[in-house]
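Peer 1: Next up is a structure, given as structure tokens.
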Amino acid sequence: MRQYSDQELVNGVLNGNPTLQSALYQQFSVPMFRVLLRFARDRAEAEDMLQDGFVRVFRDMSQFRSEGALGGWIRRIMVNTALSHLRKQRDFLRETDDFSPFENRMRTDEDFASNMDAETLLGYLQQLPPGYRTVFNLYAIDGYSHEEIAEQLGISIGTSKSQLFKAREYLKKILDKSFIV
Amino acid sequence: MRDPQEKHPIDERFHQAFEQLPATPASSGWDSPSAKVWDNIQQEIQPRKNPLWNTRSWILLAFVSIALGVWWWNRPAPAPVEQPVQTPVQQPVTPVTAPEAAPLETPAAAGNAEMPTSAKEVPAKPAPLNKANTNTIIPVNSKEAESGEKAANTRNTKSEALPGSKSSARNTTEQKVGN
């Protein structure tokens, strides 16, 4: 498949060129789907988010400024789409205390089985409650600060920190279980 | 974006796992969306030709037409209107004496005994065209006109009683006019 430059894709989409619309989707659908899989509870929800996100991308392409990379702009739209999907869920940011007592000892990377692939880790991530999963994704993987997360989700910074802490504990518990098995 | 001192081993593990994936999709297909996603996106971004007359509009139009047809078919029949029976009345024939036909005299005929018959005889400067001149004035004898008006008034206001008919009150409208 031919790789198009950002400018070619942007112009093609703005002109309604179906070939370049398809090329843009082919070029960015897999990396964006990987992002959305982390936020969604399952594959079907991630596909819904991807569809809505790309519709926004095509619709709002005129707002893209060529100062940054097109991929970064699309990724921001995808994350915002995922967050708006999650905010609609009734139990978003629900507190869950269903895990074992906190262990002070931190595991090392070796402890977490460094050979675990992304697909396996994704399975663990999707077991988290939506609030924990969202804050963990934004902070640990996408690099947002607690201030940014609080602003994006409409919560306090303290809540963001609390959700991150609980997410880590939850993941640790899941990983411990998987090691036992 | 975040403070480096807050890094956690779990964070690092997940960050590495998801941010260092190869560009090509996995052979298992876990990171590839299904084809229906693109189909749905295409449907969403295609310009709609005529949103006013979409399928819903046609269905609505058909429904309204059927409803109107059913109502028209089942509407109650109108009650028959009784037509008043008209009895033929024999009108008495009154002899009308036609007034003597007065000889028509036009001013032109009175003034000019002889009319020009050819183009040569037409005067070089014709009189200006006037509507009043084009109309032929027919003088009517004043006595005859009066008698005609009287006869008309008599016919309009008073009618002779028909043989065998009963006398009835006069039309109120006529009374008002008379007053």
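The chains in the structure tokens are called A, B, ... from first to last as shown; in each chain the residues are counted from 1, and the ligands are counted from 1 in the order shown.
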Select from chain B every residue with an atom at most 6 Å from any atom of chain A, then for each give the shortest pair of atoms and their distance in Å to one decimal, using only C-alpha atoms, rows by chain and rising number, as JSON lines.

Peer 2:
{"residue": "B:Met1", "atom": "CA", "partner": "A:Ser145", "partner_atom": "CA", "distance": 5.7}
{"residue": "B:Arg2", "atom": "CA", "partner": "A:Ser145", "partner_atom": "CA", "distance": 4.9}
{"residue": "B:Asp11", "atom": "CA", "partner": "A:Ala140", "partner_atom": "CA", "distance": 4.8}
{"residue": "B:His15", "atom": "CA", "partner": "A:Ile141", "partner_atom": "CA", "distance": 4.6}
{"residue": "B:Ala17", "atom": "CA", "partner": "A:Ala118", "partner_atom": "CA", "distance": 5.2}
{"residue": "B:Phe18", "atom": "CA", "partner": "A:Ala118", "partner_atom": "CA", "distance": 6.0}
{"residue": "B:Asp31", "atom": "CA", "partner": "A:Arg34", "partner_atom": "CA", "distance": 5.7}
{"residue": "B:Ser32", "atom": "CA", "partner": "A:Val30", "partner_atom": "CA", "distance": 5.5}
{"residue": "B:Val37", "atom": "CA", "partner": "A:Gln51", "partner_atom": "CA", "distance": 5.8}
{"residue": "B:Ile41", "atom": "CA", "partner": "A:Gln51", "partner_atom": "CA", "distance": 5.9}
